[in-house]
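Structure file coords.csv (CSV, C-alpha atoms and all ligand atoms) is printed below.
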chain,number,residue,atom,x,y,z
A,8,MET,CA,4.8,17.3,-12.0
A,9,PRO,CA,6.5,14.3,-10.4
A,10,GLU,CA,4.0,11.5,-9.7
A,11,LEU,CA,4.4,8.7,-7.3
A,12,PRO,CA,6.6,6.4,-9.4
A,13,GLU,CA,9.1,9.2,-9.9
A,14,VAL,CA,9.1,10.1,-6.3
A,15,GLU,CA,9.8,6.4,-5.5
A,16,VAL,CA,12.7,6.5,-8.0
A,17,VAL,CA,14.0,9.5,-6.2
A,18,ARG,CA,13.6,7.8,-2.8
A,19,ALA,CA,15.5,4.7,-3.9
A,20,GLY,CA,18.1,6.9,-5.6
A,21,ILE,CA,18.9,9.0,-2.5
A,22,GLU,CA,18.6,6.0,-0.2
A,23,ARG,CA,21.7,4.5,-1.8
A,24,HIS,CA,23.8,7.5,-1.0
A,25,VAL,CA,22.5,9.1,2.2
A,26,VAL,CA,21.6,6.3,4.7
A,27,GLY,CA,24.1,6.2,7.5
A,28,ALA,CA,25.5,9.6,6.6
A,29,THR,CA,25.6,12.5,9.0
A,30,ILE,CA,24.4,16.0,8.0
A,31,THR,CA,27.4,18.2,8.8
A,32,ARG,CA,26.2,21.5,7.4
A,33,VAL,CA,23.0,22.9,5.9
A,34,ASP,CA,22.9,25.9,3.7
A,35,VAL,CA,19.5,27.4,2.9
A,36,LEU,CA,20.1,29.5,-0.2
A,37,HIS,CA,16.5,30.6,-0.6
A,38,PRO,CA,13.9,30.9,2.3
A,39,ARG,CA,10.9,29.8,0.2
A,40,PRO,CA,11.5,26.0,0.2
A,41,VAL,CA,11.6,26.0,4.0
A,42,ARG,CA,8.6,28.3,4.5
A,43,ARG,CA,6.6,25.6,6.2
A,44,ASP,CA,9.2,25.3,8.9
A,45,PRO,CA,8.3,27.5,11.9
A,46,ARG,CA,11.9,27.6,12.9
A,47,GLY,CA,12.9,29.6,9.9
A,48,PRO,CA,15.9,28.9,7.7
A,49,ALA,CA,18.5,29.2,10.5
A,50,GLY,CA,16.4,27.1,12.9
A,51,PHE,CA,15.8,24.5,10.2
A,52,ALA,CA,19.5,24.2,9.5
A,53,ALA,CA,20.4,24.0,13.2
A,54,ALA,CA,17.9,21.3,13.9
A,55,LEU,CA,19.3,19.1,11.2
A,56,THR,CA,23.0,19.7,11.6
A,57,GLY,CA,24.8,16.8,13.3
A,58,ARG,CA,22.0,14.3,12.8
A,59,ARG,CA,22.5,11.0,11.1
A,60,VAL,CA,20.1,9.9,8.4
A,61,ASP,CA,18.7,6.4,9.2
A,62,ALA,CA,16.5,5.7,6.1
A,63,VAL,CA,14.6,7.3,3.3
A,64,ARG,CA,10.8,6.7,3.4
A,65,ARG,CA,7.8,7.8,1.3
A,66,ARG,CA,4.1,8.1,1.7
A,67,GLY,CA,2.3,9.1,-1.5
A,68,LYS,CA,4.4,12.0,-2.9
A,69,TYR,CA,6.0,12.9,0.4
A,70,LEU,CA,9.5,11.8,1.3
A,71,TRP,CA,11.0,11.8,4.7
A,72,LEU,CA,14.4,11.0,6.1
A,73,PRO,CA,14.2,9.6,9.7
A,74,LEU,CA,17.0,10.9,11.8
A,75,ASP,CA,18.9,9.3,14.7
A,76,SER,CA,17.1,11.8,17.0
A,77,GLY,CA,13.7,10.4,16.3
A,78,ASP,CA,12.8,13.4,14.2
A,79,ALA,CA,12.8,13.6,10.4
A,80,LEU,CA,13.5,15.8,7.4
A,81,LEU,CA,10.2,16.0,5.5
A,82,GLY,CA,10.1,16.9,1.8
A,83,HIS,CA,7.8,17.4,-1.1
A,84,LEU,CA,9.0,17.9,-4.7
A,85,GLY,CA,6.0,20.1,-5.7
A,86,MET,CA,5.9,20.8,-9.4
A,87,SER,CA,9.5,21.0,-10.3
A,88,GLY,CA,11.6,19.9,-7.3
A,89,GLN,CA,14.6,17.6,-7.5
A,90,ILE,CA,16.8,16.0,-4.9
A,91,LEU,CA,20.3,15.4,-6.2
A,92,VAL,CA,23.3,13.7,-4.7
A,93,GLN,CA,26.4,15.4,-6.0
A,94,PRO,CA,30.1,15.6,-5.3
A,95,PRO,CA,30.7,18.7,-3.2
A,96,ASP,CA,32.7,20.4,-5.9
A,97,ALA,CA,30.1,20.0,-8.6
A,98,PRO,CA,29.0,23.4,-9.8
A,99,ALA,CA,25.8,24.8,-8.2
A,100,GLU,CA,22.7,24.1,-10.2
A,101,ARG,CA,20.8,27.2,-11.4
A,102,HIS,CA,17.9,26.6,-9.1
A,103,LEU,CA,19.8,25.2,-6.1
A,104,ARG,CA,17.9,26.1,-3.0
A,105,VAL,CA,19.2,24.0,-0.1
A,106,ARG,CA,22.4,22.1,0.2
A,107,PHE,CA,23.3,19.4,2.8
A,108,ALA,CA,26.9,18.4,3.4
A,109,LEU,CA,27.1,14.8,4.2
A,110,ASP,CA,29.8,13.0,6.1
A,111,GLY,CA,30.2,9.2,6.0
A,112,SER,CA,28.3,8.8,2.7
A,113,ASP,CA,30.3,7.4,-0.2
A,114,GLU,CA,33.0,9.8,-1.2
A,115,GLY,CA,31.5,12.6,0.9
A,116,ARG,CA,28.6,13.8,-1.2
A,117,GLU,CA,26.2,16.6,-1.0
A,118,MET,CA,22.4,16.2,-1.1
A,119,ARG,CA,20.9,19.2,-2.9
A,120,PHE,CA,17.3,20.4,-3.2
A,121,VAL,CA,16.9,22.1,-6.5
A,122,ASP,CA,13.5,23.7,-7.4
A,123,GLN,CA,12.7,26.2,-10.1
A,124,ARG,CA,9.1,27.0,-9.2
A,125,MET,CA,9.4,26.3,-5.5
A,126,PHE,CA,6.0,24.8,-4.9
A,127,GLY,CA,7.8,22.0,-3.2
A,128,GLY,CA,9.6,22.3,0.1
A,129,LEU,CA,11.4,20.9,3.1
A,130,SER,CA,10.7,21.0,6.8
A,131,PHE,CA,12.0,19.6,10.1
A,132,SER,CA,9.4,17.2,11.6
A,133,GLY,CA,9.7,16.9,15.3
A,134,GLY,CA,9.2,13.2,16.4
A,135,GLY,CA,8.5,12.4,12.7
A,136,ALA,CA,10.9,9.5,12.2
A,137,GLU,CA,8.2,6.8,12.2
A,138,LEU,CA,5.6,8.8,10.3
A,139,PRO,CA,5.6,12.7,10.3
A,140,PRO,CA,2.4,14.0,11.9
A,141,GLU,CA,2.2,16.5,9.1
A,142,ILE,CA,1.4,13.7,6.7
A,143,ALA,CA,-0.4,11.2,9.0
A,144,HIS,CA,-3.8,12.1,7.3
A,145,ILE,CA,-2.5,10.9,3.9
A,146,ALA,CA,-3.6,7.4,3.0
A,147,ARG,CA,-1.2,4.7,1.9
A,148,ASP,CA,-0.6,4.3,-1.8
A,149,PRO,CA,-1.4,1.3,-3.9
A,150,LEU,CA,2.2,0.2,-4.1
A,151,ASP,CA,2.5,0.1,-0.3
A,152,PRO,CA,2.5,-3.6,0.9
A,153,GLU,CA,0.1,-2.5,3.7
A,154,PHE,CA,-2.5,-0.9,1.4
A,155,ASP,CA,-5.9,-2.4,2.3
A,156,ASP,CA,-7.7,-3.2,-1.0
A,157,ASP,CA,-10.9,-4.3,0.7
A,158,LEU,CA,-11.2,-1.1,2.7
A,159,PHE,CA,-10.6,1.0,-0.4
A,160,VAL,CA,-13.3,-0.8,-2.3
A,161,ARG,CA,-15.8,-0.3,0.6
A,162,ARG,CA,-15.0,3.3,1.0
A,163,VAL,CA,-15.3,4.2,-2.7
A,164,ARG,CA,-18.7,2.5,-2.9
A,165,LYS,CA,-20.1,4.5,0.0
A,166,ARG,CA,-19.4,7.8,-1.7
A,167,ALA,CA,-21.5,9.5,-4.4
A,168,SER,CA,-18.6,11.5,-5.8
A,169,GLY,CA,-17.1,10.6,-9.2
A,170,ILE,CA,-14.5,7.9,-9.3
A,171,LYS,CA,-11.7,10.0,-10.7
A,172,ARG,CA,-12.2,12.5,-7.9
A,173,GLN,CA,-11.9,9.7,-5.4
A,174,LEU,CA,-8.7,8.3,-7.1
A,175,LEU,CA,-7.2,11.7,-6.5
A,176,ASP,CA,-8.4,12.0,-2.9
A,177,GLN,CA,-5.2,11.7,-0.8
A,178,GLY,CA,-7.2,10.7,2.3
A,179,LEU,CA,-8.5,7.6,0.4
A,180,VAL,CA,-5.5,6.6,-1.6
A,181,SER,CA,-2.3,8.5,-2.2
A,182,GLY,CA,0.0,8.9,-5.1
A,183,VAL,CA,-2.4,8.4,-7.9
A,184,GLY,CA,-1.9,11.6,-9.9
A,185,ASN,CA,-3.9,12.9,-12.8
A,186,ILE,CA,-1.9,11.0,-15.4
A,187,TYR,CA,-2.2,7.6,-13.7
A,188,ALA,CA,-5.9,8.2,-12.9
A,189,ASP,CA,-6.7,8.8,-16.5
A,190,GLU,CA,-4.7,5.8,-17.7
A,191,ALA,CA,-6.2,3.5,-15.1
A,192,LEU,CA,-9.8,4.7,-16.0
A,193,TRP,CA,-9.1,4.1,-19.7
A,194,ARG,CA,-7.9,0.5,-19.0
A,195,ALA,CA,-10.9,-0.1,-16.8
A,196,ARG,CA,-13.2,1.4,-19.4
A,197,LEU,CA,-14.7,3.7,-16.8
A,198,HIS,CA,-15.6,7.4,-17.2
A,199,GLY,CA,-14.2,9.5,-14.3
A,200,GLU,CA,-17.6,10.9,-13.4
A,201,ARG,CA,-19.1,7.5,-12.7
A,202,PRO,CA,-20.3,7.8,-9.0
A,203,GLY,CA,-18.4,5.4,-6.7
A,204,GLU,CA,-21.6,4.3,-5.1
A,205,ARG,CA,-22.9,3.0,-8.5
A,206,LEU,CA,-19.8,0.9,-9.3
A,207,THR,CA,-19.7,-2.8,-8.4
A,208,ALA,CA,-17.0,-4.1,-6.0
A,209,ALA,CA,-15.5,-6.0,-8.9
A,210,GLN,CA,-15.2,-2.7,-11.0
A,211,VAL,CA,-13.5,-0.9,-8.2
A,212,ARG,CA,-11.1,-3.7,-7.6
A,213,GLU,CA,-10.3,-4.0,-11.3
A,214,LEU,CA,-9.7,-0.2,-11.4
A,215,LEU,CA,-7.3,-0.4,-8.4
A,216,GLY,CA,-5.5,-3.2,-10.1
A,217,HIS,CA,-5.0,-1.1,-13.3
A,218,ALA,CA,-3.8,1.9,-11.3
A,219,ARG,CA,-1.3,-0.4,-9.6
A,220,ASP,CA,-0.2,-1.8,-13.0
A,221,VAL,CA,0.3,1.6,-14.6
A,222,MET,CA,2.3,2.8,-11.6
A,223,VAL,CA,4.5,-0.3,-11.5
A,224,ALA,CA,5.1,0.0,-15.3
A,225,ALA,CA,6.1,3.7,-14.9
A,226,LEU,CA,8.3,2.8,-12.0
A,227,GLY,CA,10.1,0.2,-14.0
A,228,GLU,CA,10.7,2.6,-16.9
A,229,GLY,CA,11.6,5.5,-14.6
A,230,GLY,CA,14.0,3.2,-12.7
A,231,THR,CA,15.9,2.2,-15.8
A,232,SER,CA,16.3,5.7,-17.3
A,233,PHE,CA,17.6,7.4,-14.2
A,234,ASP,CA,21.2,7.8,-13.3
A,235,ALA,CA,21.9,6.7,-9.7
A,236,LEU,CA,23.9,9.8,-9.0
A,237,TYR,CA,22.0,12.4,-10.8
A,238,VAL,CA,18.4,11.9,-9.6
A,239,ASN,CA,16.3,13.8,-12.1
A,240,VAL,CA,12.6,14.2,-11.5
A,241,ASN,CA,11.6,17.1,-13.7
A,242,GLY,CA,8.6,15.2,-15.1
A,243,GLU,CA,10.1,14.9,-18.6
A,244,SER,CA,11.3,11.3,-18.3
A,245,GLY,CA,10.8,9.2,-21.4
A,246,TYR,CA,7.8,7.2,-20.2
A,247,PHE,CA,5.6,10.3,-20.3
A,248,ASP,CA,5.5,10.1,-24.1
A,249,ARG,CA,5.4,6.3,-24.3
A,250,SER,CA,2.8,3.8,-23.4
A,251,LEU,CA,0.1,6.3,-22.5
A,252,HIS,CA,-3.3,5.5,-23.9
A,253,ALA,CA,-5.3,8.5,-22.7
A,254,TYR,CA,-3.4,11.2,-21.0
A,255,GLY,CA,-2.2,14.0,-23.3
A,256,ARG,CA,-3.7,12.3,-26.4
A,257,GLU,CA,-6.6,14.7,-27.3
A,258,GLY,CA,-7.8,14.0,-30.8
A,259,GLU,CA,-5.6,11.0,-31.3
A,260,PRO,CA,-7.4,7.7,-32.0
A,261,CYS,CA,-8.2,5.5,-29.0
A,262,ASP,CA,-5.8,2.5,-29.0
A,263,ARG,CA,-8.8,0.2,-28.5
A,264,CYS,CA,-11.6,1.5,-30.8
A,265,GLY,CA,-10.1,4.3,-32.9
A,266,THR,CA,-12.4,7.0,-31.6
A,267,PRO,CA,-10.6,10.4,-31.0
A,268,VAL,CA,-9.6,10.8,-27.4
A,269,ARG,CA,-11.5,13.7,-25.7
A,270,ARG,CA,-10.2,16.2,-23.2
A,271,VAL,CA,-12.4,18.0,-20.7
A,272,ALA,CA,-11.5,20.4,-17.9
A,273,PHE,CA,-11.2,18.8,-14.5
A,274,MET,CA,-10.3,20.5,-11.2
A,275,ASN,CA,-8.1,23.1,-12.9
A,276,ARG,CA,-6.5,20.3,-14.9
A,277,SER,CA,-7.6,18.1,-17.8
A,278,SER,CA,-9.2,14.7,-18.1
A,279,TYR,CA,-8.5,12.6,-21.1
A,280,PHE,CA,-10.8,9.7,-22.0
A,281,CYS,CA,-12.3,7.7,-24.9
A,282,PRO,CA,-16.0,8.7,-25.2
A,283,VAL,CA,-16.9,5.3,-26.6
A,284,CYS,CA,-15.0,3.0,-24.4
A,285,GLN,CA,-15.6,5.2,-21.3
A,286,PRO,CA,-19.2,6.4,-21.7
A,287,ALA,CA,-20.3,9.3,-19.4
A,288,PRO,CA,-22.7,8.3,-16.7
A,289,ARG,CA,-26.4,8.9,-17.4
A,290,ARG,CA,-27.7,11.9,-15.5
A,291,ARG,CA,-30.2,11.1,-12.9
A,292,ARG,CA,-33.6,12.5,-13.8
A,293,SER,CA,-34.2,15.7,-11.9
A,294,ALA,CA,-37.1,15.7,-9.4
A,295,SER,CA,-38.9,18.6,-11.1
A,296,HIS,CA,-39.5,16.7,-14.4
B,1,ZN,ZN,-12.1,3.7,-27.3

Any chance you could give the structure as structure tokens?
Ligand SMILES: [Zn+2]
Amino acid sequence: MPELPEVEVVRAGIERHVVGATITRVDVLHPRPVRRDPRGPAGFAAALTGRRVDAVRRRGKYLWLPLDSGDALLGHLGMSGQILVQPPDAPAERHLRVRFALDGSDEGREMRFVDQRMFGGLSFSGGGAELPPEIAHIARDPLDPEFDDDLFVRRVRKRASGIKRQLLDQGLVSGVGNIYADEALWRARLHGERPGERLTAAQVRELLGHARDVMVAALGEGGTSFDALYVNVNGESGYFDRSLHAYGREGEPCDRCGTPVRRVAFMNRSSYFCPVCQPAPRRRRSASH
């Protein structure tokens, strides 16, 4: 599943090819990726045709393309989505779902939405150029220059819920997926179930710094391995197997203390942590004892 650094790589990759281009034709080859658009596939295509793309922006894992009309094309890659920029005569990808013919971009390329599992999608966002209302509830991410560290620390420390759950709460901070949450917690030596309200401000601030470091490192590696033309975000980029200390390492020795990394179920996914470096919080004594 693409996490924020990969979505940022995609954003930067498409930006190079589509800004300033006009969408001259939209072909929706499968209705599912545009299911969130009330206009339906034909209306979606009609609303976008003839519009010029002014930028490519991102909030958390959402991308949007502000259009010259003040509206936007909003997209999410879901589990397996890709956005490719291809020459128009390139053969159709197996899971090609929507194609956008572009005029005015370098050598007249096509932007293609390819998605095998189709959890991702695209929609037309009326008036969404500045910030699509559909994603206005999503907090900024730690790589956003306007992210407010102090506000984040204060909010985390007001809540009793576990720190990992808070890291994944898109209303509090966006873009920190399961992998980066586990890595940041490992670096900060914090167990994901430690209640936010029992962490010090310094601990929360340090954790945020680690989350940022992990994401920047992944962004750097993702950015070097991707081909500017073929923007691949299938979640199998090389950095997933490199430089991870916790995620996916069940039973392997902790890089700090050698204790086998443990895996536990967490919100339909898994959490990986070192049981020695990241001790579980002590349970509060129940009132009946
Ligand atoms: Zn350890």

Can you list every residue of chain A that has an atom at most 7 Å from ligand ZN 1 (chain B), with its nearest atom pair and the distance in Å to one decimal, using all atoms listed in the file, ordered by chain then number, as a tab-separated table?
residue	atom	partner	partner_atom	distance
A:Cys261	CA	B:ZN1	ZN	4.6
A:Asp262	CA	B:ZN1	ZN	6.6
A:Arg263	CA	B:ZN1	ZN	5.0
A:Cys264	CA	B:ZN1	ZN	4.2
A:Gly265	CA	B:ZN1	ZN	6.0
A:Thr266	CA	B:ZN1	ZN	5.4
A:Cys281	CA	B:ZN1	ZN	4.7
A:Pro282	CA	B:ZN1	ZN	6.7
A:Val283	CA	B:ZN1	ZN	5.1
A:Cys284	CA	B:ZN1	ZN	4.2

Produce a file of the selected residues containing C-alpha atoms, as a PDB file, in the frame of the given file.
ATOM      1  CA  CYS A 261      -8.200   5.500 -29.000  1.00  0.00           C
ATOM      2  CA  ASP A 262      -5.800   2.500 -29.000  1.00  0.00           C
ATOM      3  CA  ARG A 263      -8.800   0.200 -28.500  1.00  0.00           C
ATOM      4  CA  CYS A 264     -11.600   1.500 -30.800  1.00  0.00           C
ATOM      5  CA  GLY A 265     -10.100   4.300 -32.900  1.00  0.00           C
ATOM      6  CA  THR A 266     -12.400   7.000 -31.600  1.00  0.00           C
ATOM      7  CA  CYS A 281     -12.300   7.700 -24.900  1.00  0.00           C
ATOM      8  CA  PRO A 282     -16.000   8.700 -25.200  1.00  0.00           C
ATOM      9  CA  VAL A 283     -16.900   5.300 -26.600  1.00  0.00           C
ATOM     10  CA  CYS A 284     -15.000   3.000 -24.400  1.00  0.00           C
TER      11      CYS A 284
END

Requested in this report: Tell me, as a list in words, which residues lie within 9 Å of Tyr187 of chain A, counting only C-alpha atoms; anything in the same chain fewer than 4 positions away does not count.
Outcome: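 My reading of the contact set: Glu10, Gly182, Val183, Ala191, Leu192, Ala218, Val221, Met222 and Tyr254 of chain A.
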
With C-alpha atoms retained, export the selected residues as a CSV table (one decimal), in the coordinates of the input.
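What ended up in result.csv:
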chain,number,residue,atom,x,y,z
A,10,GLU,CA,4.0,11.5,-9.7
A,182,GLY,CA,0.0,8.9,-5.1
A,183,VAL,CA,-2.4,8.4,-7.9
A,191,ALA,CA,-6.2,3.5,-15.1
A,192,LEU,CA,-9.8,4.7,-16.0
A,218,ALA,CA,-3.8,1.9,-11.3
A,221,VAL,CA,0.3,1.6,-14.6
A,222,MET,CA,2.3,2.8,-11.6
A,254,TYR,CA,-3.4,11.2,-21.0

Which segment 113-212 of chain A residues have any atom within 6 Å of an atom of segment 72-87 of chain A, and for each, what is the nearest pair of atoms with distance in Å to one decimal, counting all atoms listed in the file, rows sorted by chain and number, as CSV?
residue,atom,partner,partner_atom,distance
A:Asp122,CA,A:Ser87,CA,5.6
A:Phe126,CA,A:Gly85,CA,4.8
A:Gly127,CA,A:Gly85,CA,3.6
A:Gly128,CA,A:His83,CA,5.4
A:Leu129,CA,A:Gly82,CA,4.4
A:Ser130,CA,A:Leu81,CA,5.2
A:Phe131,CA,A:Leu80,CA,4.9
A:Ser132,CA,A:Ala79,CA,5.1
A:Gly133,CA,A:Asp78,CA,4.8
A:Gly134,CA,A:Asp78,CA,4.2
A:Gly135,CA,A:Asp78,CA,4.7
A:Ala136,CA,A:Pro73,CA,4.1

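Among the candidates A:Pro288, A:Met274, A:His144, A:Ala253, the residue lying nearest to Leu206 of chain A is A:Pro288 (atoms considered: only C-alpha atoms).
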
Query raised in the report: Taking into account all atoms listed in the file, which residue in the set A:Pro9, A:Pro45, A:Gly115, A:Gly88 is nearest to Thr29 of chain A?
Result: A:Gly115

Requested in this report: Give as a list in words each residue that has an atom at most 7 Å from (-5.8, 8.9, 1.0) in the file, counting all atoms listed in the file.
Outcome: Ile145, Ala146, Arg147, Asp176, Gln177, Gly178, Leu179, Val180 and Ser181 of chain A

Could you make a table, as CSV, of the residues of segment 11-66 of chain A that have an atom within 7 Å of an atom of segment 104-112 of chain A, each with its nearest atom pair and distance in Å to one decimal, counting only C-alpha atoms, in chain and number order?
residue,atom,partner,partner_atom,distance
A:His24,CA,A:Ser112,CA,6.0
A:Val25,CA,A:Ser112,CA,5.8
A:Gly27,CA,A:Ser112,CA,6.9
A:Ala28,CA,A:Gly111,CA,4.8
A:Thr29,CA,A:Asp110,CA,5.1
A:Ile30,CA,A:Leu109,CA,4.8
A:Thr31,CA,A:Ala108,CA,5.4
A:Arg32,CA,A:Ala108,CA,5.1
A:Val33,CA,A:Phe107,CA,4.7
A:Asp34,CA,A:Arg106,CA,5.2
A:Val35,CA,A:Val105,CA,4.5
A:Leu36,CA,A:Arg104,CA,4.9
A:His37,CA,A:Arg104,CA,5.3

Report task. One decimal, Å: what's the distance from atom CA of Ile142 of chain A over to atom CA of His102 of chain A, could you say? Result ->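 Taking atom CA of Ile142 of chain A and atom CA of His102 of chain A, their separation equals 26.2 Å.
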
Report task. Quote the spacing between atom CA of Val163 of chain A and atom CA of Glu204 of chain A in Å to one decimal place. Result ->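 Atom-to-atom, atom CA of Val163 of chain A and atom CA of Glu204 of chain A are spaced 6.7 Å apart.
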
**Report entry** Nearest candidate to Gln210 of chain A (options A:Lys68, A:Arg194, A:Arg172, A:Arg46; using all atoms listed in the file)
**Finding:**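 Of A:Lys68, A:Arg194, A:Arg172, A:Arg46, the one nearest Gln210 of chain A, counting all atoms listed in the file, is A:Arg194.
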
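Proximity ranking of A:Phe154, A:Phe120, A:Phe280, A:Phe159 relative to Glu190 of chain A places A:Phe280 first, based on only C-alpha atoms.
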
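Of the listed residues A:Leu11, A:Ala272, A:Ala188, A:Val211, the one whose atoms come nearest to Val160 of chain A is A:Val211, with distances taken using all atoms listed in the file.
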
Query - Minimum-distance residue to Asp220 of chain A, chosen among A:Gly57, A:Gly199, A:His252, A:Leu150 (using all atoms listed in the file) - result: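 Among the listed residues, A:Leu150 lies closest to Asp220 of chain A.
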
Query - Point-to-point distance in Å for atom CA of Glu22 of chain A and atom CA of Asp151 of chain A - result: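 That distance, rounded to one decimal, is 17.1 Å.
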
Could I see segment 188-213 of chain A restored to N, CA and C atoms, set down as a CSV table (one decimal), in the coordinates of the input?
chain,number,residue,atom,x,y,z
A,188,ALA,N,-4.4,8.3,-13.0
A,188,ALA,CA,-5.9,8.2,-12.9
A,188,ALA,C,-6.5,8.0,-14.3
A,189,ASP,N,-6.1,8.9,-15.2
A,189,ASP,CA,-6.7,8.8,-16.5
A,189,ASP,C,-6.3,7.5,-17.2
A,190,GLU,N,-5.1,7.0,-17.0
A,190,GLU,CA,-4.7,5.8,-17.7
A,190,GLU,C,-5.4,4.6,-17.1
A,191,ALA,N,-5.5,4.6,-15.7
A,191,ALA,CA,-6.2,3.5,-15.1
A,191,ALA,C,-7.7,3.4,-15.5
A,192,LEU,N,-8.3,4.6,-15.6
A,192,LEU,CA,-9.8,4.7,-16.0
A,192,LEU,C,-9.9,4.2,-17.4
A,193,TRP,N,-9.0,4.5,-18.3
A,193,TRP,CA,-9.1,4.1,-19.7
A,193,TRP,C,-9.0,2.6,-19.7
A,194,ARG,N,-8.0,2.0,-19.0
A,194,ARG,CA,-7.9,0.5,-19.0
A,194,ARG,C,-9.1,-0.1,-18.4
A,195,ALA,N,-9.7,0.5,-17.4
A,195,ALA,CA,-10.9,-0.1,-16.8
A,195,ALA,C,-12.2,0.2,-17.5
A,196,ARG,N,-12.1,1.0,-18.6
A,196,ARG,CA,-13.2,1.4,-19.4
A,196,ARG,C,-14.3,2.2,-18.5
A,197,LEU,N,-13.8,3.0,-17.6
A,197,LEU,CA,-14.7,3.7,-16.8
A,197,LEU,C,-14.6,5.2,-17.0
A,198,HIS,N,-15.7,5.9,-17.1
A,198,HIS,CA,-15.6,7.4,-17.2
A,198,HIS,C,-15.4,7.9,-15.7
A,199,GLY,N,-14.6,9.0,-15.6
A,199,GLY,CA,-14.2,9.5,-14.3
A,199,GLY,C,-15.3,10.0,-13.5
A,200,GLU,N,-16.4,10.4,-14.1
A,200,GLU,CA,-17.6,10.9,-13.4
A,200,GLU,C,-18.5,9.8,-12.9
A,201,ARG,N,-18.2,8.6,-13.2
A,201,ARG,CA,-19.1,7.5,-12.7
A,201,ARG,C,-19.1,7.6,-11.1
A,202,PRO,N,-20.3,7.7,-10.5
A,202,PRO,CA,-20.3,7.8,-9.0
A,202,PRO,C,-19.8,6.5,-8.4
A,203,GLY,N,-18.9,6.6,-7.4
A,203,GLY,CA,-18.4,5.4,-6.7
A,203,GLY,C,-19.5,4.5,-6.2
A,204,GLU,N,-20.6,5.1,-5.7
A,204,GLU,CA,-21.6,4.3,-5.1
A,204,GLU,C,-22.4,3.4,-6.2
A,205,ARG,N,-22.2,3.8,-7.4
A,205,ARG,CA,-22.9,3.0,-8.5
A,205,ARG,C,-21.9,2.0,-9.2
A,206,LEU,N,-20.7,1.9,-8.7
A,206,LEU,CA,-19.8,0.9,-9.3
A,206,LEU,C,-19.9,-0.4,-8.5
A,207,THR,N,-19.7,-1.5,-9.1
A,207,THR,CA,-19.7,-2.8,-8.4
A,207,THR,C,-18.3,-3.0,-7.7
A,208,ALA,N,-18.3,-3.8,-6.7
A,208,ALA,CA,-17.0,-4.1,-6.0
A,208,ALA,C,-16.0,-4.6,-7.0
A,209,ALA,N,-16.4,-5.4,-7.9
A,209,ALA,CA,-15.5,-6.0,-8.9
A,209,ALA,C,-14.9,-4.8,-9.8
A,210,GLN,N,-15.7,-3.9,-10.2
A,210,GLN,CA,-15.2,-2.7,-11.0
A,210,GLN,C,-14.2,-1.9,-10.2
A,211,VAL,N,-14.4,-1.7,-9.0
A,211,VAL,CA,-13.5,-0.9,-8.2
A,211,VAL,C,-12.2,-1.6,-8.0
A,212,ARG,N,-12.3,-2.9,-7.8
A,212,ARG,CA,-11.1,-3.7,-7.6
A,212,ARG,C,-10.3,-3.8,-8.8
A,213,GLU,N,-11.0,-3.9,-10.0
A,213,GLU,CA,-10.3,-4.0,-11.3
A,213,GLU,C,-9.6,-2.6,-11.5
